[in-house]
file structure.cif (mmCIF, C-alpha atoms and all ligand atoms)
data_protein
#
loop_
_atom_site.label_atom_id
_atom_site.label_comp_id
_atom_site.auth_asym_id
_atom_site.auth_seq_id
_atom_site.Cartn_x
_atom_site.Cartn_y
_atom_site.Cartn_z
CA MET A 1 8.23 -12.73 39.18
CA LYS A 2 11.82 -11.42 39.52
CA LYS A 3 10.55 -7.89 38.99
CA ILE A 4 7.94 -8.25 41.73
CA PHE A 5 10.59 -9.69 44.06
CA SER A 6 12.94 -6.75 43.33
CA ILE A 7 10.21 -4.21 43.99
CA VAL A 8 9.26 -5.86 47.29
CA LEU A 9 12.93 -6.11 48.29
CA CYS A 10 13.64 -2.45 47.46
CA PHE A 11 10.50 -1.33 49.27
CA SER A 12 11.48 -3.36 52.34
CA LEU A 13 15.03 -2.03 52.26
CA SER A 14 13.75 1.51 51.83
CA LEU A 15 12.04 1.15 55.18
CA LEU A 16 15.29 0.05 56.73
CA LEU A 17 17.68 2.09 54.65
CA PRO A 18 16.36 5.55 53.88
CA SER A 19 19.21 6.07 51.41
CA CYS A 20 17.61 3.60 48.98
CA LYS A 21 14.43 5.71 48.81
CA ARG A 22 16.35 8.98 48.64
CA LYS A 23 18.40 7.76 45.71
CA LYS A 24 15.29 6.88 43.71
CA LEU A 25 13.67 10.23 44.31
CA THR A 26 16.73 12.19 43.25
CA GLU A 27 17.58 9.98 40.27
CA VAL A 28 17.87 11.93 37.01
CA VAL A 29 17.05 10.16 33.76
CA GLU A 30 18.59 11.84 30.80
CA VAL A 31 16.56 11.67 27.56
CA PRO A 32 18.76 12.56 24.60
CA LEU A 33 17.32 14.92 22.03
CA PRO A 34 17.23 13.62 18.44
CA SER A 35 20.21 14.58 16.33
CA ALA A 36 19.75 16.55 13.12
CA GLU A 37 20.04 13.30 11.18
CA GLU A 38 17.37 11.59 13.28
CA LYS A 39 14.85 14.40 13.05
CA ILE A 40 11.91 13.33 10.92
CA THR A 41 11.27 15.65 8.04
CA ILE A 42 8.46 15.29 5.55
CA GLY A 43 9.22 16.27 1.98
CA GLN A 44 6.88 17.01 -0.90
CA PRO A 45 5.74 14.50 -3.55
CA ASP A 46 7.11 16.79 -6.27
CA ASP A 47 10.60 16.57 -4.73
CA VAL A 48 10.77 12.89 -5.76
CA SER A 49 11.93 11.87 -9.23
CA ALA A 50 13.08 8.62 -10.74
CA ILE A 51 16.39 8.10 -12.54
CA ASP A 52 16.27 8.85 -16.27
CA GLY A 53 14.64 5.95 -18.06
CA GLN A 54 11.61 4.59 -19.83
CA PHE A 55 9.24 5.06 -16.89
CA SER A 56 8.49 8.09 -14.74
CA LEU A 57 6.76 8.16 -11.39
CA VAL A 58 3.01 8.59 -11.51
CA LYS A 59 2.50 12.03 -10.01
CA LEU A 60 0.84 11.75 -6.62
CA PRO A 61 -2.49 13.53 -7.16
CA TYR A 62 -2.61 14.91 -3.59
CA GLU A 63 -0.28 15.86 -0.72
CA TYR A 64 1.18 13.27 1.64
CA ASN A 65 -1.23 14.31 4.41
CA ALA A 66 -4.34 14.40 2.21
CA LEU A 67 -5.56 10.87 2.98
CA SER A 68 -5.25 11.18 6.75
CA PRO A 69 -6.59 9.69 8.97
CA SER A 70 -7.13 6.69 6.65
CA ILE A 71 -3.42 6.76 5.70
CA ASP A 72 -1.03 8.86 7.76
CA ILE A 73 1.46 11.35 6.35
CA LEU A 74 4.62 9.42 7.24
CA THR A 75 3.36 6.18 5.70
CA MET A 76 2.47 8.04 2.50
CA GLU A 77 5.84 9.75 2.32
CA MET A 78 7.86 6.57 2.93
CA HIS A 79 5.68 4.56 0.58
CA TYR A 80 5.86 7.02 -2.32
CA SER A 81 9.37 8.43 -1.94
CA LYS A 82 11.16 5.22 -0.92
CA HIS A 83 9.31 2.03 -1.86
CA TYR A 84 7.65 3.21 -5.07
CA LEU A 85 10.75 5.12 -6.16
CA THR A 86 12.89 2.01 -5.70
CA TYR A 87 10.61 -0.15 -7.86
CA THR A 88 10.62 2.52 -10.55
CA ASN A 89 14.39 2.96 -10.57
CA ASN A 90 14.96 -0.79 -10.59
CA LEU A 91 12.53 -1.21 -13.49
CA ASN A 92 14.29 1.49 -15.49
CA LYS A 93 17.65 -0.23 -14.96
CA LEU A 94 16.26 -3.62 -16.02
CA VAL A 95 14.61 -2.18 -19.14
CA ALA A 96 17.82 -0.37 -20.11
CA GLU A 97 19.69 -3.69 -20.00
CA ASP A 98 17.16 -5.62 -22.12
CA PRO A 99 16.62 -4.55 -25.75
CA THR A 100 13.40 -6.64 -25.99
CA LEU A 101 11.73 -4.32 -23.48
CA ILE A 102 12.64 -0.98 -25.04
CA ASP A 103 9.58 1.12 -25.96
CA LEU A 104 7.10 -1.43 -24.56
CA SER A 105 4.27 -0.09 -22.41
CA ILE A 106 4.21 -1.24 -18.78
CA GLU A 107 1.13 -3.35 -19.58
CA ASP A 108 2.99 -5.14 -22.39
CA ILE A 109 5.97 -5.75 -20.11
CA LEU A 110 3.64 -7.22 -17.45
CA LYS A 111 2.19 -9.62 -20.02
CA LYS A 112 5.71 -11.02 -20.46
CA CYS A 113 6.22 -11.51 -16.71
CA ASP A 114 5.70 -15.27 -16.49
CA GLY A 115 8.13 -15.69 -13.61
CA THR A 116 11.22 -16.59 -15.58
CA ASN A 117 12.73 -13.21 -14.68
CA ALA A 118 11.84 -12.63 -11.02
CA ASP A 119 13.54 -9.21 -10.86
CA LEU A 120 11.52 -7.94 -13.79
CA LYS A 121 8.28 -9.39 -12.41
CA ASN A 122 8.77 -7.83 -8.97
CA ASN A 123 9.81 -4.40 -10.17
CA ALA A 124 7.46 -4.05 -13.14
CA GLY A 125 4.63 -5.20 -10.86
CA GLY A 126 5.74 -2.82 -8.12
CA TYR A 127 5.79 0.08 -10.54
CA TYR A 128 2.38 -0.63 -12.10
CA ASN A 129 0.56 -1.66 -8.91
CA HIS A 130 1.57 1.44 -6.96
CA GLY A 131 0.75 3.84 -9.79
CA LEU A 132 -2.75 2.37 -9.95
CA PHE A 133 -3.04 2.49 -6.17
CA TRP A 134 -2.15 6.22 -5.85
CA GLU A 135 -4.74 7.24 -8.42
CA GLY A 136 -7.41 4.96 -6.98
CA MET A 137 -7.54 7.04 -3.81
CA SER A 138 -8.60 10.61 -3.18
CA PRO A 139 -9.31 12.83 -0.19
CA LYS A 140 -12.96 13.55 0.55
CA SER A 141 -14.11 10.54 -1.44
CA GLY A 142 -15.24 7.04 -0.50
CA GLY A 143 -18.94 6.28 -0.36
CA GLN A 144 -20.27 4.17 -3.20
CA PRO A 145 -19.85 4.18 -6.98
CA LYS A 146 -22.54 5.69 -9.17
CA ASP A 147 -24.28 5.02 -12.47
CA THR A 148 -22.86 2.24 -14.66
CA LEU A 149 -20.31 0.95 -12.18
CA ALA A 150 -22.90 0.83 -9.39
CA SER A 151 -25.22 -1.23 -11.64
CA LEU A 152 -22.42 -3.59 -12.63
CA ILE A 153 -21.41 -4.19 -9.02
CA THR A 154 -25.00 -5.06 -8.19
CA ARG A 155 -25.22 -7.29 -11.30
CA ASP A 156 -22.01 -9.22 -10.58
CA PHE A 157 -21.89 -9.31 -6.76
CA GLY A 158 -25.53 -8.93 -5.77
CA SER A 159 -25.01 -5.67 -3.86
CA PHE A 160 -22.34 -3.14 -2.95
CA GLU A 161 -22.14 -4.62 0.55
CA VAL A 162 -21.42 -8.09 -0.83
CA PHE A 163 -18.71 -6.63 -3.07
CA LYS A 164 -17.23 -4.75 -0.09
CA THR A 165 -17.15 -7.94 1.99
CA GLN A 166 -15.50 -9.93 -0.82
CA PHE A 167 -12.88 -7.25 -1.50
CA SER A 168 -12.16 -6.81 2.23
CA ASP A 169 -11.82 -10.56 2.72
CA ALA A 170 -9.46 -10.82 -0.26
CA ALA A 171 -7.28 -8.10 1.28
CA ASP A 172 -7.47 -9.44 4.82
CA LYS A 173 -6.86 -13.09 3.96
CA GLN A 174 -3.97 -12.51 1.55
CA PHE A 175 -1.21 -14.34 3.42
CA GLY A 176 1.86 -12.15 3.78
CA SER A 177 2.53 -9.36 1.28
CA GLY A 178 0.29 -8.74 -1.70
CA TRP A 179 -2.67 -6.92 -3.17
CA ALA A 180 -6.46 -7.10 -3.40
CA TRP A 181 -8.07 -6.32 -6.76
CA LEU A 182 -11.29 -5.46 -8.51
CA VAL A 183 -10.92 -6.36 -12.18
CA VAL A 184 -13.05 -6.57 -15.28
CA ASP A 185 -12.39 -9.87 -17.05
CA LYS A 186 -12.43 -10.49 -20.81
CA THR A 187 -16.17 -11.29 -20.74
CA GLY A 188 -16.94 -7.92 -19.11
CA LYS A 189 -17.65 -9.42 -15.69
CA LEU A 190 -16.34 -7.75 -12.52
CA GLN A 191 -14.32 -10.00 -10.24
CA VAL A 192 -12.46 -9.70 -6.94
CA THR A 193 -9.13 -11.44 -6.45
CA SER A 194 -5.86 -11.16 -4.59
CA THR A 195 -2.24 -11.68 -5.62
CA PRO A 196 0.96 -12.32 -3.65
CA ASN A 197 4.02 -10.07 -3.69
CA GLN A 198 3.89 -7.66 -6.67
CA ASP A 199 1.94 -10.00 -8.96
CA ASN A 200 -1.13 -8.60 -10.68
CA PRO A 201 -4.02 -9.80 -12.89
CA LEU A 202 -2.30 -8.65 -16.10
CA MET A 203 0.53 -11.16 -15.63
CA PRO A 204 0.33 -14.70 -17.05
CA LYS A 205 -0.62 -17.65 -14.83
CA GLN A 206 -2.83 -15.70 -12.42
CA ILE A 207 -5.88 -17.32 -10.79
CA VAL A 208 -8.07 -14.43 -12.04
CA SER A 209 -7.04 -12.50 -15.14
CA GLY A 210 -8.45 -9.14 -16.13
CA THR A 211 -7.94 -5.42 -16.37
CA PRO A 212 -7.40 -3.86 -12.94
CA LEU A 213 -9.93 -1.23 -11.87
CA LEU A 214 -9.07 -0.89 -8.17
CA ASN A 215 -6.35 -2.28 -5.93
CA LEU A 216 -5.30 -2.21 -2.30
CA ASP A 217 -1.73 -2.64 -1.10
CA VAL A 218 -1.57 -5.01 1.89
CA TRP A 219 2.20 -5.10 2.20
CA GLU A 220 3.08 -4.13 5.77
CA HIS A 221 4.92 -1.04 4.51
CA ALA A 222 1.51 0.28 3.40
CA TYR A 223 -0.02 0.39 6.88
CA TYR A 224 2.19 -0.88 9.69
CA LEU A 225 3.48 2.49 10.97
CA ASP A 226 -0.05 3.56 11.83
CA TYR A 227 -2.07 0.36 12.17
CA GLN A 228 0.58 -2.18 13.29
CA TYR A 229 -1.07 -5.65 13.06
CA LYS A 230 -4.58 -4.26 12.53
CA ARG A 231 -4.82 -4.85 8.80
CA LYS A 232 -8.60 -5.12 8.96
CA ARG A 233 -8.92 -1.58 10.32
CA TYR A 234 -6.69 -0.30 7.51
CA ILE A 235 -8.93 -2.07 4.98
CA ASP A 236 -12.07 -0.57 6.52
CA ASN A 237 -10.57 2.93 6.37
CA PHE A 238 -9.45 2.43 2.75
CA PHE A 239 -13.14 2.38 1.78
CA LYS A 240 -13.39 6.01 2.97
CA ILE A 241 -10.87 7.19 0.37
CA ILE A 242 -11.64 5.15 -2.76
CA ASN A 243 -11.80 7.38 -5.81
CA TRP A 244 -14.87 5.77 -7.45
CA LYS A 245 -14.84 8.34 -10.24
CA LYS A 246 -11.40 7.11 -11.28
CA VAL A 247 -12.48 3.47 -10.99
CA SER A 248 -15.44 4.19 -13.29
CA GLU A 249 -13.13 5.85 -15.83
CA ARG A 250 -10.91 2.79 -15.80
CA TYR A 251 -13.91 0.56 -16.48
CA GLU A 252 -14.94 2.74 -19.43
CA GLU A 253 -11.39 2.69 -20.85
CA ALA A 254 -11.02 -1.07 -20.40
CA THR A 255 -14.31 -1.91 -22.09
CA ALA A 256 -13.89 0.67 -24.89
CA LYS A 257 -10.77 -1.21 -26.06
CA LYS A 258 -12.77 -4.41 -26.63
FE FE A 301 3.53 -0.74 -1.47
#

call {"tool": "encode", "arguments": {"input": "structure.cif", "output": "C-alpha cells", "more": "lines below"}}
Ligand SMILES: [Fe+2]
result
Amino acid sequence: MKKIFSIVLCFSLSLLLPSCKRKKLTEVVEVPLPSAEEKITIGQPDDVSAIDGQFSLVKLPYEYNALSPSIDILTMEMHYSKHYLTYTNNLNKLVAEDPTLIDLSIEDILKKCDGTNADLKNNAGGYYNHGLFWEGMSPKSGGQPKDTLASLITRDFGSFEVFKTQFSDAADKQFGSGWAWLVVDKTGKLQVTSTPNQDNPLMPKQIVSGTPLLNLDVWEHAYYLDYQYKRKRYIDNFFKIINWKKVSERYEEATAKK
C-alpha cells in the first residue's frame, strides 16, 4: 500500500515538479562486477581427493555436467566436491581414532551404527549413501530395467509404474532431509523405503532392512539450487538418469552372497 502511495505521490509531484521526473530518468544504477573470489568456477571430479585414510572417494563415473538437465552442473560440483568430500574426510578421522573400526568395510561399520555414536552414523552413512547414489545414475539412461530385475519389479510391486509411484512417494513424503531406497530384503523380496538424515537400510533399527540397490538423495543440497521447493520435479527427472544396468548388477551381487 505504501509503495502504491509513493508511486502515486511521485507521479503527481512529477507533474508539478519536472525535476523529480528528470532525476529518475538520469539516475545511474551501478552494478558491481563480481570479484575474482566471487566468480563461480567449476572444477573437475578428478581434482577432488579425500584426506589419507581408510576410505577413498568413489570416483564420479561422469563429468559434473553429464546429468544435466536432470541435475545441473553446479549442484553436482557442490554435492560431490563439498558435501560428499566432507562426509568422507570426517569418516576417515573417526575411523583413525577408533581401533575397533580399523580395516572394517563400510558395510560392517554401518551394521554397528545403532545410534550410540551419532557422528559415526552420520558420516559413515553420508559416505556410503552418496557413493551408491553417484553410481546409480548415468547420462543417457533412465527408461525401465530389463530381464531379471524387470520381472522382479513386476512380481513384487505389480508393475513398473506401481514401483515408480511408490519410490516417488517415498522420496517426496520423506519429511526433511533423507533418502528413498529400493532394497532387496533377506527373503529376496524387493521393497521401497525411506530413511531420515544419513540413515540407510544396512543400519540396525530401520523400518525396512535390506541390501540397497538404488537410492535417491532428497536433502535440499541435492536439488535446491536448480529446483528450489519443487522436490517432485527433481524426483520425476531422476527417473530419466537411473542406471538400471548398475541396479541389476547390485541385485545379482546381493543375491549371490546368500
Ligand atoms: Fe547429499

call {"tool": "closest_residue", "arguments": {"input": "structure.cif", "among": "A:Gly115, A:Gly125, A:Pro204, A:Gly158", "to": "ligand FE 301 (chain A)", "atoms": "only C-alpha atoms and all ligand atoms"}}
result
A:Gly125

call {"tool": "residues_near_ligand", "arguments": {"input": "structure.cif", "ligand": "ligand FE 301 (chain A)", "cutoff": "7 Å", "atoms": "all atoms listed in the file", "output": "number ranges by chain"}}
result
A: 79, 83-84, 130, 217, 219, 221-222

call {"tool": "residues_around", "arguments": {"input": "structure.cif", "residues": "A:Asp103", "least_positions_apart": "2", "cutoff": "8 Å", "atoms": "all atoms listed in the file", "output": "list of chain:residue names"}}
result
A:Gln54, A:Leu101, A:Ser105

call {"tool": "residues_around", "arguments": {"input": "structure.cif", "residues": "A:Leu182", "least_positions_apart": "3", "cutoff": "7 Å", "atoms": "all atoms listed in the file", "output": "number ranges by chain"}}
result
A: 190-193, 212-215

call {"tool": "closest_residue", "arguments": {"input": "structure.cif", "among": "A:Lys189, A:Lys82, A:Lys121, A:Lys59", "to": "A:Thr154", "atoms": "only C-alpha atoms"}}
result
A:Lys189

call {"tool": "closest_residue", "arguments": {"input": "structure.cif", "among": "A:Ala124, A:Leu60, A:Leu202, A:Ile106", "to": "A:Gly136", "atoms": "only C-alpha atoms"}}
result
A:Leu60

call {"tool": "closest_atom_pairs", "arguments": {"input": "structure.cif", "of": "stretch 105-220 of chain A", "to": "stretch 62-70 of chain A", "cutoff": "12 Å", "atoms": "all atoms listed in the file", "output": "JSON lines"}}
result
{"residue": "A:Trp134", "atom": "CA", "partner": "A:Tyr62", "partner_atom": "CA", "distance": 9.0}
{"residue": "A:Glu135", "atom": "CA", "partner": "A:Tyr62", "partner_atom": "CA", "distance": 9.3}
{"residue": "A:Gly136", "atom": "CA", "partner": "A:Tyr62", "partner_atom": "CA", "distance": 11.6}
{"residue": "A:Met137", "atom": "CA", "partner": "A:Leu67", "partner_atom": "CA", "distance": 8.0}
{"residue": "A:Ser138", "atom": "CA", "partner": "A:Leu67", "partner_atom": "CA", "distance": 6.9}
{"residue": "A:Pro139", "atom": "CA", "partner": "A:Leu67", "partner_atom": "CA", "distance": 5.3}
{"residue": "A:Lys140", "atom": "CA", "partner": "A:Leu67", "partner_atom": "CA", "distance": 8.2}
{"residue": "A:Ser141", "atom": "CA", "partner": "A:Leu67", "partner_atom": "CA", "distance": 9.6}
{"residue": "A:Gly142", "atom": "CA", "partner": "A:Ser70", "partner_atom": "CA", "distance": 10.8}

call {"tool": "write_last_selection", "arguments": {"input": "structure.cif", "atoms": "C-alpha atoms", "output": "PDB file, in the coordinates of the input"}}
result
ATOM      1  CA  TRP A 134      -2.150   6.220  -5.850  1.00  0.00           C
ATOM      2  CA  GLU A 135      -4.740   7.240  -8.420  1.00  0.00           C
ATOM      3  CA  GLY A 136      -7.410   4.960  -6.980  1.00  0.00           C
ATOM      4  CA  MET A 137      -7.540   7.040  -3.810  1.00  0.00           C
ATOM      5  CA  SER A 138      -8.600  10.610  -3.180  1.00  0.00           C
ATOM      6  CA  PRO A 139      -9.310  12.830  -0.190  1.00  0.00           C
ATOM      7  CA  LYS A 140     -12.960  13.550   0.550  1.00  0.00           C
ATOM      8  CA  SER A 141     -14.110  10.540  -1.440  1.00  0.00           C
ATOM      9  CA  GLY A 142     -15.240   7.040  -0.500  1.00  0.00           C
TER      10      GLY A 142
END

call {"tool": "atom_distance", "arguments": {"input": "structure.cif", "atom1": "atom CA of A:Ser56", "atom2": "atom CA of A:Thr88"}}
result
7.3 Å

call {"tool": "atom_distance", "arguments": {"input": "structure.cif", "atom1": "atom CA of A:Lys112", "atom2": "atom CA of A:Gly210"}}
result
14.9 Å

call {"tool": "axis_aligned_box", "arguments": {"input": "structure.cif", "around": "stretch 140-154 of chain A", "padding_each_side": "6 Å", "output": "JSON"}}
result
{"center_x": -19.1, "center_y": 4.2, "center_z": -7.1, "size_x": 24.3, "size_y": 30.6, "size_z": 27.2}

call {"tool": "atom_distance", "arguments": {"input": "structure.cif", "atom1": "atom CA of A:Asp226", "atom2": "atom CA of A:Asn129"}}
result
21.4 Å

call {"tool": "closest_residue", "arguments": {"input": "structure.cif", "among": "A:Glu97, A:Glu252, A:Asp172, A:Asp185", "to": "A:Gly53", "atoms": "all atoms listed in the file"}}
result
A:Glu97

call {"tool": "closest_residue", "arguments": {"input": "structure.cif", "among": "A:Phe167, A:Phe175, A:Trp181, A:Tyr80", "to": "A:Asn197", "atoms": "only C-alpha atoms"}}
result
A:Phe175

call {"tool": "decode", "arguments": {"input": "structure.cif", "residues": "stretch 166-215 of chain A", "atoms": "C-alpha atoms", "output": "mmCIF file, in the first residue's frame"}}
result
data_model
loop_
_atom_site.group_PDB
_atom_site.id
_atom_site.type_symbol
_atom_site.label_atom_id
_atom_site.label_comp_id
_atom_site.auth_asym_id
_atom_site.auth_seq_id
_atom_site.Cartn_x
_atom_site.Cartn_y
_atom_site.Cartn_z
ATOM 1 C CA GLN A 166 5.890 -45.993 -4.507
ATOM 2 C CA PHE A 167 9.518 -44.892 -4.873
ATOM 3 C CA SER A 168 8.494 -41.342 -5.856
ATOM 4 C CA ASP A 169 6.099 -41.109 -2.913
ATOM 5 C CA ALA A 170 8.790 -42.355 -0.519
ATOM 6 C CA ALA A 171 11.128 -39.634 -1.790
ATOM 7 C CA ASP A 172 8.508 -36.900 -1.871
ATOM 8 C CA LYS A 173 6.981 -37.646 1.533
ATOM 9 C CA GLN A 174 10.253 -38.046 3.427
ATOM 10 C CA PHE A 175 9.926 -35.176 5.885
ATOM 11 C CA GLY A 176 13.039 -33.009 5.869
ATOM 12 C CA SER A 177 16.380 -34.472 4.809
ATOM 13 C CA GLY A 178 16.791 -38.111 3.888
ATOM 14 C CA TRP A 179 16.809 -40.769 1.198
ATOM 15 C CA ALA A 180 14.459 -43.015 -0.774
ATOM 16 C CA TRP A 181 15.541 -46.620 -1.350
ATOM 17 C CA LEU A 182 14.919 -49.743 -3.369
ATOM 18 C CA VAL A 183 16.293 -52.700 -1.428
ATOM 19 C CA VAL A 184 16.309 -56.461 -1.617
ATOM 20 C CA ASP A 185 15.459 -57.906 1.794
ATOM 21 C CA LYS A 186 16.802 -61.129 3.304
ATOM 22 C CA THR A 187 13.962 -63.162 1.760
ATOM 23 C CA GLY A 188 14.847 -61.889 -1.732
ATOM 24 C CA LYS A 189 11.860 -59.550 -1.951
ATOM 25 C CA LEU A 190 12.235 -56.031 -3.373
ATOM 26 C CA GLN A 191 10.986 -53.252 -1.130
ATOM 27 C CA VAL A 192 10.783 -49.462 -1.218
ATOM 28 C CA THR A 193 11.502 -47.422 1.886
ATOM 29 C CA SER A 194 12.828 -44.075 3.031
ATOM 30 C CA THR A 195 15.214 -43.037 5.797
ATOM 31 C CA PRO A 196 15.852 -39.732 7.573
ATOM 32 C CA ASN A 197 19.181 -37.903 7.613
ATOM 33 C CA GLN A 198 22.025 -40.233 6.525
ATOM 34 C CA ASP A 199 20.419 -43.427 7.852
ATOM 35 C CA ASN A 200 20.218 -46.386 5.489
ATOM 36 C CA PRO A 201 18.711 -49.902 5.380
ATOM 37 C CA LEU A 202 22.004 -51.554 6.391
ATOM 38 C CA MET A 203 21.937 -49.877 9.809
ATOM 39 C CA PRO A 204 20.243 -51.517 12.811
ATOM 40 C CA LYS A 205 16.752 -50.449 13.918
ATOM 41 C CA GLN A 206 15.496 -49.432 10.467
ATOM 42 C CA ILE A 207 11.828 -49.868 9.498
ATOM 43 C CA VAL A 208 12.886 -51.821 6.377
ATOM 44 C CA SER A 209 16.199 -53.672 6.352
ATOM 45 C CA GLY A 210 17.914 -54.937 3.242
ATOM 46 C CA THR A 211 20.693 -54.509 0.741
ATOM 47 C CA PRO A 212 20.402 -51.197 -1.112
ATOM 48 C CA LEU A 213 20.005 -51.413 -4.891
ATOM 49 C CA LEU A 214 19.016 -47.820 -5.702
ATOM 50 C CA ASN A 215 18.769 -44.618 -3.697
#
